[in-house]
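Here's the structure we're looking at; comments come further down.
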Amino acid sequence: MPSQESHSQPAPTEAPVTISLIAGYRNDGEPVMEKLVVEAMAPATNSPATNAPGTKLPANKPSGAKEYRLLKSPAFVRSLAAGDRIRFPADNPAGYELLKRSGNLCIRVLRKDGIEEVANALSPELELLDGTLDLQSPRVLVYSIHVSIGFQSIEILLGRVIGQFPGTVWYYGNVYDPADGVTPLDWWQEFLAPV
């Protein structure tokens with residue numbers, strides 16, 4: 001997968017760990033958590049090299065907060081993809097602070113039955129575009145693919161392959177504002193801008 005990471009990026013400081021992020025809320029108001037595999041990272045400095053596309057300057061952080069890089073895209077937590085850097089925990093409703101985007105798109109594919117045959121058809125096609133299958137469960141597939149591949153190319157591929165499997169739907173996990181599900185976040189503009 002193409003990487004927008006600079007050689008000056010901090011290296012992981014520990015072996016991969018699992019953290020739990022809020023994926024949504026039940027009807028009774030209790031949070032639904034998703035476990036994500038991450039690697040702890042040394043805190044980035046506020047230099048021009050680390051304030052590249054998709055970067056936020058650090059805010060006040062709760063005691064004990066660490067910086068992490070997601071190793072895989074989540075199935076349910078919105079607005080994140082593999083490679084994104086976050087600070088966790090954070091004192092906000094999401095429970096984390098997005099520090100830097102990786103440039104990866106999170107693609108979620110759902111089917112009530114027979115997701116394995118969809119994976120067998122779709123995974124090799126996405127791998128040809130440097131995409132990766134991050135998660136496969138009985139009803140869900142989650143892929144990561146860099147935005148530089150292009151929305152049109154990705155959407156044509158998904159439509160062609162998924163169209164062969166009735167009852168299968170797909171959607172982006174980090175393209176639209178979670179508040180309304182339709183407003184583009186536009187974070188990719190910086191990654192696609194000419195250099």
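In the structure tokens, the first chain shown is A, the next is B, and so on; residue numbers restart at 1 for each chain, and ligands run from 1 in the order shown.
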Could you give me, as a VMD selection string, the residues within 10 Å of region 68-70 of chain A, counting only C-alpha atoms and dropping anything in the same chain fewer than 3 positions from it?
-> chain A and resid 12 to 13 16 to 19 36 to 43 65 73 to 74 80 to 88 98 to 102
Looking at only C-alpha atoms, which of A:Val175, A:Met33, A:Leu105, A:Leu129 is the one that sits closest to Leu157 (chain A)?
->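 Smallest distance to Leu157 (chain A) is found for A:Leu129.
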Nearby residues (only C-alpha atoms) at most 8 Å from Leu21 (chain A), same-chain spacing under 2 positions excluded, as a list in words |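 Here the qualifying residues turn out to be Ile19, Ala23, Met33, Glu34, Lys35, Leu36, Val77, Ala94, Gly95 and Tyr96 of chain A.
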Atoms to include: N, CA and C atoms. Write the selected residues as a short mmCIF file (atom, residue, chain, number, x, y, z; two decimals), in the first residue's frame.
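Saved file out.cif follows:
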```cif
data_model
loop_
_atom_site.label_atom_id
_atom_site.label_comp_id
_atom_site.auth_asym_id
_atom_site.auth_seq_id
_atom_site.Cartn_x
_atom_site.Cartn_y
_atom_site.Cartn_z
N ILE A 19 -6.70 -1.83 22.10
CA ILE A 19 -7.44 -0.81 22.84
C ILE A 19 -8.90 -0.90 22.45
N ALA A 23 -17.71 2.45 19.41
CA ALA A 23 -18.19 2.26 18.04
C ALA A 23 -19.60 2.80 17.86
N MET A 33 -18.38 -1.08 22.32
CA MET A 33 -16.94 -0.93 22.13
C MET A 33 -16.43 -1.86 21.03
N GLU A 34 -15.40 -1.40 20.32
CA GLU A 34 -14.70 -2.23 19.35
C GLU A 34 -13.24 -2.29 19.75
N LYS A 35 -12.67 -3.48 19.75
CA LYS A 35 -11.26 -3.66 20.08
C LYS A 35 -10.44 -3.50 18.80
N LEU A 36 -9.42 -2.63 18.89
CA LEU A 36 -8.56 -2.36 17.74
C LEU A 36 -7.12 -2.68 18.10
N VAL A 77 -15.98 1.47 14.31
CA VAL A 77 -15.58 2.82 14.74
C VAL A 77 -15.48 3.67 13.48
N ALA A 94 -15.82 10.84 21.51
CA ALA A 94 -15.27 9.68 20.81
C ALA A 94 -14.30 8.88 21.69
N GLY A 95 -13.69 9.56 22.65
CA GLY A 95 -12.73 8.89 23.53
C GLY A 95 -11.32 8.85 22.97
N TYR A 96 -11.11 9.38 21.76
CA TYR A 96 -9.79 9.46 21.15
C TYR A 96 -9.68 10.77 20.39
#
```
Nearby residues (only C-alpha atoms) at most 10 Å from Ser137 (chain A), same-chain spacing under 5 positions excluded, as a PDB file with C-alpha atoms, in the first residue's frame:
```pdb
ATOM      1  CA  ALA A  75     -15.283  -2.547  11.367  1.00  0.00           C
ATOM      2  CA  LEU A 110     -21.475  -6.570   4.494  1.00  0.00           C
ATOM      3  CA  ILE A 115     -19.238 -13.421   2.794  1.00  0.00           C
ATOM      4  CA  GLU A 116     -16.394 -15.874   2.101  1.00  0.00           C
ATOM      5  CA  VAL A 142     -12.940  -4.616   6.135  1.00  0.00           C
TER       6      VAL A 142
END
```
What is the distance, in Å and to one decimal place, between CA of Lys66 (chain A) and CA of Pro89 (chain A)?
->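 Here the two named atoms are 7.3 Å from each other.
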Identify which of the residues A:Val109, A:Val182, A:Ile149, A:Leu135 lies closest to Gly167 (chain A), counting only C-alpha atoms when measuring atom-to-atom distances.
->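 Closest candidate: A:Val109.
Of the residues in region 97-178 of chain A, those given alpha helix (DSSP H) by DSSP on the backbone are Ile115, Glu116, Glu117, Val118, Ala119, Asn120, Ala121, Leu122, Ser123, Pro124, Glu125, Leu126, Glu127, Phe151, Gln152, Ser153, Ile154, Glu155, Ile156, Leu157, Leu158, Gly159, Arg160, Val161 and Ile162 of chain A.
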Output file for the residues above (C-alpha atoms, as a PDB file, in the first residue's frame):
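Final output, saved to result_1.pdb:
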```pdb
ATOM      1  CA  ILE A 115     -19.238 -13.421   2.794  1.00  0.00           C
ATOM      2  CA  GLU A 116     -16.394 -15.874   2.101  1.00  0.00           C
ATOM      3  CA  GLU A 117     -17.251 -16.067  -1.610  1.00  0.00           C
ATOM      4  CA  VAL A 118     -17.281 -12.269  -1.752  1.00  0.00           C
ATOM      5  CA  ALA A 119     -13.853 -12.191  -0.057  1.00  0.00           C
ATOM      6  CA  ASN A 120     -12.508 -14.766  -2.519  1.00  0.00           C
ATOM      7  CA  ALA A 121     -13.565 -12.593  -5.456  1.00  0.00           C
ATOM      8  CA  LEU A 122     -12.843  -9.129  -4.023  1.00  0.00           C
ATOM      9  CA  SER A 123      -9.605  -9.584  -2.071  1.00  0.00           C
ATOM     10  CA  PRO A 124      -7.368 -10.471  -5.058  1.00  0.00           C
ATOM     11  CA  GLU A 125      -8.786  -7.528  -7.023  1.00  0.00           C
ATOM     12  CA  LEU A 126      -8.096  -5.042  -4.212  1.00  0.00           C
ATOM     13  CA  GLU A 127      -4.646  -6.547  -3.591  1.00  0.00           C
ATOM     14  CA  PHE A 151     -12.278   6.981  -5.640  1.00  0.00           C
ATOM     15  CA  GLN A 152     -13.479   6.269  -9.180  1.00  0.00           C
ATOM     16  CA  SER A 153     -11.166   3.274  -9.655  1.00  0.00           C
ATOM     17  CA  ILE A 154     -12.105   1.845  -6.270  1.00  0.00           C
ATOM     18  CA  GLU A 155     -15.844   2.359  -6.765  1.00  0.00           C
ATOM     19  CA  ILE A 156     -15.837   0.830 -10.268  1.00  0.00           C
ATOM     20  CA  LEU A 157     -14.028  -2.228  -8.912  1.00  0.00           C
ATOM     21  CA  LEU A 158     -16.388  -2.576  -5.934  1.00  0.00           C
ATOM     22  CA  GLY A 159     -19.458  -2.191  -8.138  1.00  0.00           C
ATOM     23  CA  ARG A 160     -18.213  -4.778 -10.641  1.00  0.00           C
ATOM     24  CA  VAL A 161     -17.254  -7.423  -8.082  1.00  0.00           C
ATOM     25  CA  ILE A 162     -19.928  -6.869  -5.440  1.00  0.00           C
TER      26      ILE A 162
END
```
Write out as a PyMOL selection string the residues lying within 8 Å of Arg139 (chain A), counting only C-alpha atoms and excluding same-chain residues fewer than 3 positions away.
-> chain A and resi 110-115+136
Mind checking DSSP for region 41-156 of chain A and telling me the strand (DSSP E or B) residues as a PyMOL selection string?
-> chain A and resi 41+55+66-70+85-88+97-100+104-111+132-136+140-146
Those same residues - N, CA and C atoms - I'd like them written as a CSV table (one decimal), in the first residue's frame.
```
chain,number,residue,atom,x,y,z
A,41,MET,N,3.2,4.7,19.8
A,41,MET,CA,4.2,5.5,19.0
A,41,MET,C,4.8,6.6,20.0
A,55,THR,N,-2.7,16.2,9.6
A,55,THR,CA,-2.2,16.3,11.0
A,55,THR,C,-2.9,17.4,11.8
A,66,LYS,N,-1.7,8.1,25.4
A,66,LYS,CA,-0.6,7.7,24.6
A,66,LYS,C,-1.0,7.9,23.1
A,67,GLU,N,0.0,8.0,22.3
A,67,GLU,CA,-0.2,8.0,20.8
A,67,GLU,C,-0.1,6.6,20.3
A,68,TYR,N,-1.0,6.3,19.4
A,68,TYR,CA,-1.1,5.0,18.8
A,68,TYR,C,-1.3,5.1,17.3
A,69,ARG,N,-0.8,4.1,16.5
A,69,ARG,CA,-1.1,4.0,15.1
A,69,ARG,C,-1.9,2.7,14.9
A,70,LEU,N,-3.1,2.9,14.2
A,70,LEU,CA,-3.9,1.7,14.0
A,70,LEU,C,-3.3,0.8,13.0
A,85,ARG,N,-3.0,7.9,13.1
A,85,ARG,CA,-2.4,8.1,14.4
A,85,ARG,C,-3.5,8.8,15.3
A,86,ILE,N,-3.6,8.2,16.5
A,86,ILE,CA,-4.6,8.8,17.5
A,86,ILE,C,-4.0,9.0,18.8
A,87,ARG,N,-4.6,9.8,19.6
A,87,ARG,CA,-4.2,9.9,21.1
A,87,ARG,C,-5.4,9.3,21.8
A,88,PHE,N,-5.1,8.4,22.7
A,88,PHE,CA,-6.1,7.6,23.5
A,88,PHE,C,-5.6,7.4,24.9
A,97,GLU,N,-8.5,11.2,20.1
A,97,GLU,CA,-8.2,12.3,19.3
A,97,GLU,C,-7.4,11.9,18.0
A,98,LEU,N,-8.0,12.2,16.9
A,98,LEU,CA,-7.3,11.9,15.6
A,98,LEU,C,-6.1,12.9,15.5
A,99,LEU,N,-4.9,12.4,15.4
A,99,LEU,CA,-3.7,13.3,15.2
A,99,LEU,C,-3.3,13.4,13.8
A,100,LYS,N,-3.3,12.3,13.1
A,100,LYS,CA,-2.8,12.3,11.7
A,100,LYS,C,-3.4,11.2,10.9
A,104,ASN,N,-5.2,6.3,4.1
A,104,ASN,CA,-6.0,5.1,3.7
A,104,ASN,C,-7.5,5.3,3.9
A,105,LEU,N,-8.2,4.7,3.0
A,105,LEU,CA,-9.6,4.6,3.0
A,105,LEU,C,-10.0,3.3,3.7
A,106,CYS,N,-11.0,3.3,4.5
A,106,CYS,CA,-11.6,2.1,5.2
A,106,CYS,C,-12.8,1.7,4.4
A,107,ILE,N,-12.8,0.5,3.9
A,107,ILE,CA,-14.0,0.0,3.1
A,107,ILE,C,-14.6,-1.2,3.8
A,108,ARG,N,-15.9,-1.1,4.1
A,108,ARG,CA,-16.6,-2.1,4.8
A,108,ARG,C,-17.6,-2.8,3.8
A,109,VAL,N,-17.6,-4.1,3.8
A,109,VAL,CA,-18.4,-4.9,2.9
A,109,VAL,C,-19.3,-5.8,3.8
A,110,LEU,N,-20.6,-5.8,3.6
A,110,LEU,CA,-21.5,-6.6,4.5
A,110,LEU,C,-22.4,-7.5,3.7
A,111,ARG,N,-22.6,-8.7,4.2
A,111,ARG,CA,-23.5,-9.6,3.5
A,111,ARG,C,-24.0,-10.6,4.6
A,132,THR,N,-5.5,-4.0,1.3
A,132,THR,CA,-5.4,-5.2,2.2
A,132,THR,C,-6.7,-5.5,2.9
A,133,LEU,N,-6.9,-6.8,3.1
A,133,LEU,CA,-8.0,-7.3,3.9
A,133,LEU,C,-7.6,-7.2,5.3
A,134,ASP,N,-8.3,-6.4,6.1
A,134,ASP,CA,-7.9,-6.2,7.5
A,134,ASP,C,-8.7,-7.1,8.5
A,135,LEU,N,-9.9,-7.4,8.1
A,135,LEU,CA,-10.8,-8.2,8.9
A,135,LEU,C,-11.8,-9.0,8.1
A,136,GLN,N,-12.0,-10.2,8.5
A,136,GLN,CA,-13.0,-11.0,7.9
A,136,GLN,C,-13.8,-11.8,9.0
A,140,VAL,N,-18.9,-9.6,7.7
A,140,VAL,CA,-18.3,-8.4,7.4
A,140,VAL,C,-16.8,-8.6,6.9
A,141,LEU,N,-16.5,-7.8,5.9
A,141,LEU,CA,-15.1,-7.7,5.4
A,141,LEU,C,-14.7,-6.2,5.6
A,142,VAL,N,-13.4,-6.0,6.0
A,142,VAL,CA,-12.9,-4.6,6.1
A,142,VAL,C,-11.6,-4.6,5.4
A,143,TYR,N,-11.5,-3.6,4.5
A,143,TYR,CA,-10.3,-3.4,3.7
A,143,TYR,C,-9.7,-2.0,3.9
A,144,SER,N,-8.4,-1.9,3.7
A,144,SER,CA,-7.8,-0.6,3.7
A,144,SER,C,-7.1,-0.5,2.3
A,145,ILE,N,-7.2,0.7,1.7
A,145,ILE,CA,-6.6,1.0,0.4
A,145,ILE,C,-6.3,2.5,0.4
A,146,HIS,N,-5.2,2.9,-0.1
A,146,HIS,CA,-4.8,4.3,-0.1
A,146,HIS,C,-5.6,5.1,-1.1
```
Write out as a list in words the residues lying within 12 Å of Gly181 (chain A), counting only C-alpha atoms and excluding same-chain residues fewer than 4 positions away.
->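 Listing them by chain and then by number gives Arg78, Ser79, Tyr171, Tyr172, Gly173, Asn174, Val175, Tyr176, Asp177 and Leu185 of chain A.
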Return the single residue from A:Gly150, A:Asn92, A:Ala15, A:Asp130 that is closest to Gln189 (chain A), with distances computed using only C-alpha atoms.
-> A:Gly150
Have a look at CA of Phe191 (chain A) and CA of Gly131 (chain A) and let me know their distance in Å, one decimal.
-> 16.8 Å
CA of Leu71 (chain A) to CA of Val195 (chain A): how many Å, to one decimal?
->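 CA of Val195 (chain A) lies 27.1 Å from CA of Leu71 (chain A).
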